[in-house]
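Shown next, in structure tokens, is the structure this report addresses.
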Amino acid sequence: MINHIIRLVGVYDNIHRCLDTHHVWWYTGGNDKRKVRIIRREDKEMNEYYDAIIVGTGAAGLYCALNLPSRMKVLMITKQQADQSDSFLAQGGICMLRGEEDYDNYFEDTMRAGHYENNKKAVDLMIRSSNSIIRDLIRHNVTFERDANGELAFTREGAHSQPRILFYEDVTGKQITQTLLSEAQTRDNIEICEYMTMVDLIAKDNICGGVIIMDEKNNVYPVRSPYVVLACGGLGGLYKNSTNFPHIAGDGLGIAMKHQVVLEHLDYVQIHPTTLYSHKPGRRFLISESVRGEGALLYDKNGQRFTEELQPRDLLSQAIFAQMEKDDTEFVWEDMRPLGEETILKHFPNIFHRCMEEGFDPRKEPIPVVPAQHYFMGGIQADLGSRTSMKGLYACGETSCNGVHGKNRLASNSLLESLVFARRAADDILFAQKPEKCPVNTIDTSMYEDRDAILDGYHKMVWNEIERMKRA
């Protein structure tokens, strides 16, 4: 039960809801919650049933929700603010098939980067779906860079045989995900709940029937649904140095393990070769692959090139680590000066400003870079419909493993893969046979006392499994 529901009336009289006892905001319209006035209403109860529950408000979760019809009541939950998902941090861009003549090269680039451990059917599905995904994003008012003739502009990144990556400055992920979030906030059938954490599934006999969620004050809320979509991101929060938000730490993986949902390749963790070196604690700042795709060079401590800059990420990270060990340094140098000032300022304004904040002017000098944990190729095993081994449970985005990426992800395939398989999840929910009803009748909430302790247990499970797989 959730009490003290507040009514928020905005300039267009759209109604929003907030759980004032623990500052959880519920959006059911498009107005910014900071632009509304608060009017206390009589106590209400939280809905205990939804047609679908989506855990996560990144690109995958939002796109899945937007592909469900308005007749379905959808609950989305997220641990922090809705815009604090790793999708917002993606800099480089999103891949797109550039005509049938590009298919074989795109397929081979993806397979080669993944060390040929990819699921060929999943790779084919992603590539073949890319044009319709891009058309749909543009229909949703996502903006991409265009050339002087108004045509879509493309860039190239490491391990791509040709330019096929759409982008918006160096904040493509934010452009896409914020646009999807803004639209989701206008949908009457979608409720987005911030600062609420999934701590368990409601499940029995391998049938999912909802989730157990907790707020920051350890209040517990069972919420039932015949469909649950896990789109809760990767596991960067388990690492000291990561480009991910620290709160995204593999919660969904641990919960899936608890319920014997099939997972695979938890040890397939990608290290991004170039993040901005800093003595400051916290999330590492990514220097996009596109920077090297546009011509940036890597130097050792003596200012000499030591490797090929456009190798797949895992191979380039290995080369940088080897050079750091040889030079006895904590970083190598990346030189953006070959791009020219105009390209640096126009294509990479966010990177430029962050470098300047750290005391480096990339127009005039190289910047220090170091590899850091970036992406997770393993996860909850999902088929081409994003179905997991548990009935009624779906997984998409970084928390899933559908085999697209193999052992190593090709640059800028992540946003595309997330969107393709989020839509596949929505399609399966709509058009496949409805799963059996979960036979759980009563739920003992007394076992959920301390949210942080519960999550810590899941994180240890995941970390131990990663280490076990490494030794296997």
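Here's how to read the names in the structure tokens: chain A, B, ... by the order shown, residue numbers from 1 in each chain, ligand numbers from 1 in the order shown.
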Those in segment 244-468 of chain A with alpha helix (DSSP H) from DSSP, as an mmCIF file with C-alpha atoms, in the first residue's frame:
```
data_model
loop_
_atom_site.group_PDB
_atom_site.id
_atom_site.type_symbol
_atom_site.label_atom_id
_atom_site.label_comp_id
_atom_site.auth_asym_id
_atom_site.auth_seq_id
_atom_site.Cartn_x
_atom_site.Cartn_y
_atom_site.Cartn_z
ATOM 1 C CA ASP A 251 20.692 -6.525 -10.042
ATOM 2 C CA GLY A 252 18.560 -8.243 -12.661
ATOM 3 C CA LEU A 253 21.245 -10.832 -13.310
ATOM 4 C CA GLY A 254 21.386 -11.811 -9.653
ATOM 5 C CA ILE A 255 17.613 -12.032 -9.396
ATOM 6 C CA ALA A 256 17.506 -14.202 -12.523
ATOM 7 C CA MET A 257 20.181 -16.475 -11.029
ATOM 8 C CA LYS A 258 18.107 -16.848 -7.866
ATOM 9 C CA GLU A 289 35.341 5.488 -30.742
ATOM 10 C CA SER A 290 34.203 8.045 -33.317
ATOM 11 C CA VAL A 291 37.125 10.272 -32.339
ATOM 12 C CA ARG A 292 39.523 7.641 -33.623
ATOM 13 C CA GLY A 293 37.194 6.903 -36.522
ATOM 14 C CA ARG A 313 37.909 -2.737 -28.802
ATOM 15 C CA ASP A 314 39.253 -5.783 -27.027
ATOM 16 C CA LEU A 315 42.390 -5.944 -29.159
ATOM 17 C CA LEU A 316 43.043 -2.225 -28.859
ATOM 18 C CA SER A 317 42.576 -2.346 -25.074
ATOM 19 C CA GLN A 318 45.131 -5.158 -24.890
ATOM 20 C CA ALA A 319 47.582 -3.097 -26.951
ATOM 21 C CA ILE A 320 47.131 -0.074 -24.679
ATOM 22 C CA PHE A 321 47.556 -2.116 -21.494
ATOM 23 C CA ALA A 322 50.721 -3.650 -22.947
ATOM 24 C CA GLN A 323 52.106 -0.211 -23.839
ATOM 25 C CA MET A 324 51.281 1.157 -20.381
ATOM 26 C CA GLU A 325 53.170 -1.744 -18.811
ATOM 27 C CA LYS A 326 56.110 -1.233 -21.155
ATOM 28 C CA ASP A 327 56.233 2.519 -20.455
ATOM 29 C CA GLU A 341 39.340 22.489 -34.661
ATOM 30 C CA GLU A 342 36.072 22.658 -36.611
ATOM 31 C CA THR A 343 35.410 18.917 -36.335
ATOM 32 C CA ILE A 344 36.391 18.840 -32.657
ATOM 33 C CA LEU A 345 33.997 21.656 -31.781
ATOM 34 C CA LYS A 346 31.114 20.589 -34.029
ATOM 35 C CA HIS A 347 31.189 16.800 -33.815
ATOM 36 C CA PRO A 349 31.521 19.424 -28.223
ATOM 37 C CA ASN A 350 30.775 17.394 -25.091
ATOM 38 C CA ILE A 351 34.169 15.684 -25.185
ATOM 39 C CA PHE A 352 35.886 19.014 -25.850
ATOM 40 C CA HIS A 353 34.276 20.709 -22.845
ATOM 41 C CA ARG A 354 35.012 17.792 -20.527
ATOM 42 C CA CYS A 355 38.675 17.746 -21.582
ATOM 43 C CA MET A 356 38.894 21.481 -20.952
ATOM 44 C CA GLU A 357 37.413 20.940 -17.467
ATOM 45 C CA SER A 414 24.435 -1.491 -28.786
ATOM 46 C CA LEU A 415 21.698 1.113 -29.302
ATOM 47 C CA LEU A 416 20.474 -0.643 -32.439
ATOM 48 C CA GLU A 417 20.451 -4.068 -30.780
ATOM 49 C CA SER A 418 18.572 -2.655 -27.767
ATOM 50 C CA LEU A 419 15.860 -1.109 -29.919
ATOM 51 C CA VAL A 420 15.448 -4.072 -32.274
ATOM 52 C CA PHE A 421 14.977 -6.593 -29.483
ATOM 53 C CA ALA A 422 12.879 -4.248 -27.344
ATOM 54 C CA ARG A 423 10.425 -4.072 -30.213
ATOM 55 C CA ARG A 424 10.617 -7.849 -30.588
ATOM 56 C CA ALA A 425 9.667 -8.193 -26.918
ATOM 57 C CA ALA A 426 6.667 -5.909 -27.410
ATOM 58 C CA ASP A 427 5.627 -7.867 -30.506
ATOM 59 C CA ASP A 428 5.854 -11.174 -28.642
ATOM 60 C CA ILE A 429 3.802 -9.806 -25.746
ATOM 61 C CA LEU A 430 1.143 -8.679 -28.202
ATOM 62 C CA PHE A 431 1.000 -11.531 -30.677
ATOM 63 C CA ARG A 451 17.148 -3.259 0.207
ATOM 64 C CA ASP A 452 20.881 -2.554 0.128
ATOM 65 C CA ALA A 453 21.708 -5.846 1.817
ATOM 66 C CA ILE A 454 19.524 -7.739 -0.651
ATOM 67 C CA LEU A 455 21.209 -6.045 -3.616
ATOM 68 C CA ASP A 456 24.646 -6.647 -2.165
ATOM 69 C CA GLY A 457 23.846 -10.349 -2.038
ATOM 70 C CA TYR A 458 22.838 -10.351 -5.705
ATOM 71 C CA HIS A 459 25.994 -8.462 -6.683
ATOM 72 C CA LYS A 460 28.192 -11.003 -4.907
ATOM 73 C CA MET A 461 26.381 -13.845 -6.691
ATOM 74 C CA VAL A 462 27.038 -12.240 -10.060
ATOM 75 C CA TRP A 463 30.665 -11.407 -9.310
ATOM 76 C CA ASN A 464 31.366 -14.929 -8.064
ATOM 77 C CA GLU A 465 29.832 -16.394 -11.222
ATOM 78 C CA ILE A 466 31.935 -14.087 -13.402
ATOM 79 C CA GLU A 467 35.087 -15.265 -11.626
ATOM 80 C CA ARG A 468 34.017 -18.900 -11.890
#
```
Using only C-alpha atoms, what table do you get, as JSON lines, when you list each residue of segment 147-230 of chain A with an atom no more than 12 Å from segment 261-272 of chain A, its nearest pair of atoms, and their distance in Å rounded to one decimal, rows by chain then rising number?
```
{"residue": "A:Gly158", "atom": "CA", "partner": "A:His272", "partner_atom": "CA", "distance": 11.3}
{"residue": "A:Leu201", "atom": "CA", "partner": "A:Val261", "partner_atom": "CA", "distance": 11.0}
{"residue": "A:Ala203", "atom": "CA", "partner": "A:Val261", "partner_atom": "CA", "distance": 10.9}
{"residue": "A:Lys204", "atom": "CA", "partner": "A:Val261", "partner_atom": "CA", "distance": 11.9}
{"residue": "A:Asp205", "atom": "CA", "partner": "A:Val261", "partner_atom": "CA", "distance": 11.6}
{"residue": "A:Asn206", "atom": "CA", "partner": "A:Val261", "partner_atom": "CA", "distance": 8.3}
{"residue": "A:Ile207", "atom": "CA", "partner": "A:Val261", "partner_atom": "CA", "distance": 10.5}
{"residue": "A:Cys208", "atom": "CA", "partner": "A:Val261", "partner_atom": "CA", "distance": 10.6}
```
How would the residues just picked look written out with C-alpha atoms as a PDB file, in the first residue's frame?
```pdb
ATOM      1  CA  GLY A 158      36.764   1.080 -34.964  1.00  0.00           C
ATOM      2  CA  LEU A 201      10.452 -11.660  -9.087  1.00  0.00           C
ATOM      3  CA  ALA A 203       7.425 -16.483  -9.734  1.00  0.00           C
ATOM      4  CA  LYS A 204       6.510 -20.126  -9.285  1.00  0.00           C
ATOM      5  CA  ASP A 205       6.819 -23.218 -11.470  1.00  0.00           C
ATOM      6  CA  ASN A 206       8.996 -21.203 -13.864  1.00  0.00           C
ATOM      7  CA  ILE A 207       6.167 -18.753 -14.550  1.00  0.00           C
ATOM      8  CA  CYS A 208       6.667 -15.056 -13.875  1.00  0.00           C
TER       9      CYS A 208
END
```
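One distance worth recording is that between atom CA of Gly295 of chain A and atom CA of Pro368 of chain A, which is 16.5 Å.
When atom CA of Gly406 of chain A is paired with atom CA of Glu117 of chain A, their separation reads 4.5 Å.
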Among the residues of segment 193-387 of chain A, find those DSSP assigns to strand (DSSP E or B) from the backbone and print them as JSON, numbers by chain.
{"A": [193, 197, 198, 199, 200, 201, 202, 203, 204, 207, 208, 209, 210, 211, 212, 213, 214, 220, 221, 222, 223, 224, 228, 229, 230, 242, 263, 264, 269, 270, 271, 272, 273, 274, 275, 276, 285, 286, 297, 298, 299, 305, 332, 333, 334, 335, 367, 368, 369, 370, 371, 372, 373, 374, 375, 376, 379, 380, 381, 387]}
Serialized selection, C-alpha atoms, as a tab-separated table (two decimals), in the first residue's frame:
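Written file, part23.tsv:
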```
chain	number	residue	atom	x	y	z
A	193	CYS	CA	8.32	5.34	-11.17
A	197	THR	CA	14.20	-0.93	-7.05
A	198	MET	CA	13.27	-4.43	-8.13
A	199	VAL	CA	14.47	-6.84	-5.44
A	200	ASP	CA	12.78	-10.04	-6.62
A	201	LEU	CA	10.45	-11.66	-9.09
A	202	ILE	CA	7.05	-13.03	-8.23
A	203	ALA	CA	7.42	-16.48	-9.73
A	204	LYS	CA	6.51	-20.13	-9.29
A	207	ILE	CA	6.17	-18.75	-14.55
A	208	CYS	CA	6.67	-15.06	-13.87
A	209	GLY	CA	3.82	-13.16	-12.27
A	210	GLY	CA	5.28	-9.77	-11.38
A	211	VAL	CA	7.99	-8.12	-9.30
A	212	ILE	CA	8.77	-7.17	-5.73
A	213	ILE	CA	9.93	-3.56	-5.51
A	214	MET	CA	11.32	-1.52	-2.62
A	220	VAL	CA	7.98	-3.27	0.06
A	221	TYR	CA	5.44	-3.39	-2.78
A	222	PRO	CA	4.45	-6.57	-4.65
A	223	VAL	CA	3.17	-5.69	-8.12
A	224	ARG	CA	1.66	-8.36	-10.34
A	228	VAL	CA	7.80	-8.59	-16.99
A	229	VAL	CA	10.53	-7.10	-19.19
A	230	LEU	CA	14.01	-6.81	-17.71
A	242	SER	CA	33.69	1.96	-15.45
A	263	LEU	CA	22.19	-16.91	-18.18
A	264	GLU	CA	25.27	-17.13	-20.37
A	269	VAL	CA	32.82	-8.00	-20.32
A	270	GLN	CA	34.05	-5.33	-22.73
A	271	ILE	CA	36.77	-2.89	-21.80
A	272	HIS	CA	36.59	0.38	-23.73
A	273	PRO	CA	40.10	1.35	-24.82
A	274	THR	CA	39.83	5.11	-24.37
A	275	THR	CA	38.39	6.86	-21.34
A	276	LEU	CA	39.71	10.17	-20.05
A	285	PHE	CA	34.36	9.71	-19.01
A	286	LEU	CA	34.29	8.03	-22.41
A	297	LEU	CA	45.97	8.89	-33.11
A	298	LEU	CA	47.38	7.07	-30.07
A	299	TYR	CA	50.88	7.78	-28.74
A	305	ARG	CA	52.30	5.72	-32.48
A	332	VAL	CA	48.63	6.65	-23.08
A	333	TRP	CA	48.03	9.77	-25.17
A	334	GLU	CA	45.24	10.35	-27.69
A	335	ASP	CA	45.82	13.12	-30.22
A	367	ILE	CA	44.83	14.01	-23.89
A	368	PRO	CA	45.56	11.11	-21.47
A	369	VAL	CA	43.36	8.03	-21.96
A	370	VAL	CA	43.08	4.67	-20.22
A	371	PRO	CA	40.90	1.57	-20.77
A	372	ALA	CA	37.90	1.01	-18.44
A	373	GLN	CA	34.96	-1.38	-18.14
A	374	HIS	CA	32.32	-0.27	-20.61
A	375	TYR	CA	29.86	-2.92	-21.81
A	376	PHE	CA	28.51	-6.36	-21.02
A	379	GLY	CA	23.52	-11.72	-19.64
A	380	ILE	CA	20.12	-13.34	-19.37
A	381	GLN	CA	19.72	-15.70	-22.30
A	387	ARG	CA	11.92	-14.40	-24.29
```
Point-to-point distance from atom CA of Met76 of chain A to atom CA of Glu449 of chain A, Å rounded to tenths:
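If I compute the distance from atom CA of Met76 of chain A to atom CA of Glu449 of chain A, I get 22.7 Å.
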Proximity to Glu216 of chain A - best of A:Ser85, A:Gln80, A:Lys280, A:Ala184, only C-alpha atoms
A:Gln80
Using only C-alpha atoms, which protein or nucleic acid residues come within 12 Å of segment 123-131 of chain A? Drop anything in the same chain fewer than 5 positions from it, and give the result as a ChimeraX atom specification.
/A:94-100,102-112,114,116-118,136-138,164-166,383-385,402-406,409-410,413-424
Could those residues be written to a file, using N, CA and C atoms, as a short mmCIF file (atom, residue, chain, number, x, y, z; two decimals), in the first residue's frame?
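Wrote result.cif, looks like this:
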```cif
data_model
loop_
_atom_site.label_atom_id
_atom_site.label_comp_id
_atom_site.auth_asym_id
_atom_site.auth_seq_id
_atom_site.Cartn_x
_atom_site.Cartn_y
_atom_site.Cartn_z
N ILE A 94 24.58 5.19 -33.75
CA ILE A 94 23.78 3.99 -33.95
C ILE A 94 23.98 3.53 -35.39
N CYS A 95 24.27 2.24 -35.54
CA CYS A 95 24.55 1.69 -36.87
C CYS A 95 23.29 1.55 -37.72
N MET A 96 23.49 1.56 -39.02
CA MET A 96 22.39 1.37 -39.95
C MET A 96 22.92 0.72 -41.22
N LEU A 97 22.19 -0.26 -41.72
CA LEU A 97 22.54 -0.88 -42.99
C LEU A 97 22.41 0.14 -44.11
N ARG A 98 23.46 0.31 -44.89
CA ARG A 98 23.46 1.29 -45.98
C ARG A 98 23.26 0.60 -47.33
N GLY A 99 22.08 0.06 -47.50
CA GLY A 99 21.77 -0.60 -48.77
C GLY A 99 22.20 -2.05 -48.77
N GLU A 100 21.63 -2.81 -49.68
CA GLU A 100 21.89 -4.24 -49.74
C GLU A 100 23.36 -4.54 -49.99
N ASP A 102 25.80 -3.23 -48.66
CA ASP A 102 26.54 -3.12 -47.40
C ASP A 102 26.31 -4.33 -46.49
N TYR A 103 25.32 -5.18 -46.82
CA TYR A 103 24.93 -6.24 -45.88
C TYR A 103 26.09 -7.17 -45.54
N ASP A 104 26.76 -7.71 -46.54
CA ASP A 104 27.82 -8.69 -46.26
C ASP A 104 28.94 -8.08 -45.42
N ASN A 105 29.31 -6.83 -45.72
CA ASN A 105 30.37 -6.17 -44.95
C ASN A 105 29.93 -5.91 -43.51
N TYR A 106 28.71 -5.44 -43.33
CA TYR A 106 28.21 -5.16 -41.99
C TYR A 106 28.13 -6.46 -41.18
N PHE A 107 27.61 -7.50 -41.81
CA PHE A 107 27.51 -8.80 -41.13
C PHE A 107 28.91 -9.29 -40.73
N GLU A 108 29.86 -9.21 -41.64
CA GLU A 108 31.22 -9.68 -41.36
C GLU A 108 31.89 -8.82 -40.30
N ASP A 109 31.70 -7.52 -40.34
CA ASP A 109 32.28 -6.64 -39.31
C ASP A 109 31.79 -7.02 -37.92
N THR A 110 30.48 -7.30 -37.81
CA THR A 110 29.90 -7.67 -36.52
C THR A 110 30.41 -9.03 -36.05
N MET A 111 30.48 -9.98 -36.96
CA MET A 111 30.96 -11.31 -36.62
C MET A 111 32.44 -11.30 -36.23
N ARG A 112 33.24 -10.57 -37.00
CA ARG A 112 34.68 -10.54 -36.72
C ARG A 112 34.96 -9.88 -35.37
N GLY A 114 33.03 -9.90 -32.86
CA GLY A 114 32.55 -10.84 -31.84
C GLY A 114 33.29 -12.16 -31.82
N TYR A 116 33.47 -14.37 -33.95
CA TYR A 116 32.64 -15.38 -34.61
C TYR A 116 31.90 -16.27 -33.61
N GLU A 117 31.67 -15.75 -32.41
CA GLU A 117 30.84 -16.45 -31.42
C GLU A 117 29.41 -15.92 -31.43
N ASN A 118 29.10 -15.03 -32.37
CA ASN A 118 27.78 -14.42 -32.45
C ASN A 118 26.72 -15.43 -32.90
N ASP A 136 11.66 4.79 -37.77
CA ASP A 136 10.76 4.98 -36.64
C ASP A 136 11.30 6.01 -35.66
N LEU A 137 12.61 6.01 -35.43
CA LEU A 137 13.21 7.02 -34.54
C LEU A 137 12.99 8.42 -35.10
N ILE A 138 13.17 8.57 -36.40
CA ILE A 138 12.94 9.88 -37.02
C ILE A 138 11.48 10.27 -36.90
N ARG A 164 28.89 3.83 -41.46
CA ARG A 164 27.48 3.42 -41.45
C ARG A 164 26.83 3.82 -40.13
N ILE A 165 27.42 4.79 -39.45
CA ILE A 165 26.96 5.14 -38.10
C ILE A 165 26.33 6.53 -38.10
N LEU A 166 25.05 6.59 -37.76
CA LEU A 166 24.36 7.86 -37.59
C LEU A 166 24.70 8.43 -36.22
N ASP A 383 15.85 -15.30 -26.59
CA ASP A 383 15.73 -15.76 -27.97
C ASP A 383 15.41 -14.57 -28.88
N LEU A 384 15.06 -14.84 -30.13
CA LEU A 384 14.82 -13.76 -31.08
C LEU A 384 13.56 -12.95 -30.76
N GLY A 385 12.73 -13.44 -29.85
CA GLY A 385 11.58 -12.69 -29.38
C GLY A 385 11.83 -12.06 -28.02
N ASN A 402 21.35 -12.13 -26.38
CA ASN A 402 20.69 -12.78 -27.51
C ASN A 402 21.69 -13.25 -28.55
N GLY A 403 22.97 -13.02 -28.31
CA GLY A 403 24.01 -13.52 -29.19
C GLY A 403 24.46 -12.58 -30.28
N VAL A 404 23.88 -11.39 -30.38
CA VAL A 404 24.26 -10.45 -31.42
C VAL A 404 25.75 -10.11 -31.35
N HIS A 405 26.25 -9.87 -30.14
CA HIS A 405 27.59 -9.31 -30.00
C HIS A 405 28.69 -10.35 -29.92
N GLY A 406 28.35 -11.59 -29.68
CA GLY A 406 29.38 -12.60 -29.51
C GLY A 406 30.25 -12.29 -28.31
N ARG A 409 31.64 -6.62 -28.54
CA ARG A 409 30.66 -5.84 -29.29
C ARG A 409 31.33 -4.91 -30.30
N LEU A 410 30.77 -4.87 -31.51
CA LEU A 410 31.18 -3.91 -32.52
C LEU A 410 30.65 -2.53 -32.13
N ASN A 413 26.81 -0.78 -32.16
CA ASN A 413 25.75 -1.77 -32.35
C ASN A 413 24.82 -1.85 -31.15
N SER A 414 25.21 -1.27 -30.01
CA SER A 414 24.43 -1.49 -28.79
C SER A 414 23.06 -0.82 -28.83
N LEU A 415 23.00 0.44 -29.25
CA LEU A 415 21.70 1.11 -29.30
C LEU A 415 20.77 0.42 -30.29
N LEU A 416 21.30 0.05 -31.45
CA LEU A 416 20.47 -0.64 -32.44
C LEU A 416 19.97 -1.97 -31.90
N GLU A 417 20.86 -2.77 -31.33
CA GLU A 417 20.45 -4.07 -30.78
C GLU A 417 19.39 -3.90 -29.70
N SER A 418 19.55 -2.90 -28.83
CA SER A 418 18.57 -2.65 -27.77
C SER A 418 17.20 -2.36 -28.34
N LEU A 419 17.14 -1.51 -29.35
CA LEU A 419 15.86 -1.11 -29.92
C LEU A 419 15.21 -2.24 -30.70
N VAL A 420 16.00 -2.97 -31.48
CA VAL A 420 15.45 -4.07 -32.27
C VAL A 420 14.80 -5.11 -31.36
N PHE A 421 15.50 -5.51 -30.31
CA PHE A 421 14.98 -6.59 -29.48
C PHE A 421 13.99 -6.10 -28.43
N ALA A 422 13.96 -4.80 -28.15
CA ALA A 422 12.88 -4.25 -27.34
C ALA A 422 11.57 -4.31 -28.11
N ARG A 423 11.63 -3.98 -29.39
CA ARG A 423 10.43 -4.07 -30.21
C ARG A 423 10.00 -5.52 -30.39
N ARG A 424 10.96 -6.43 -30.49
CA ARG A 424 10.62 -7.85 -30.59
C ARG A 424 9.90 -8.33 -29.33
#
```
Could you check which of A:Ile190, A:Ala249, A:Ala296, A:Met377 is closest to Leu339 of chain A, using only C-alpha atoms?
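Of all the options, A:Ala296 lies closest to Leu339 of chain A.
Among the candidates A:Gly173, A:Gly359, A:Gly233, A:Pro163, the residue lying nearest to Val142 of chain A is A:Gly173 (atoms considered: only C-alpha atoms).
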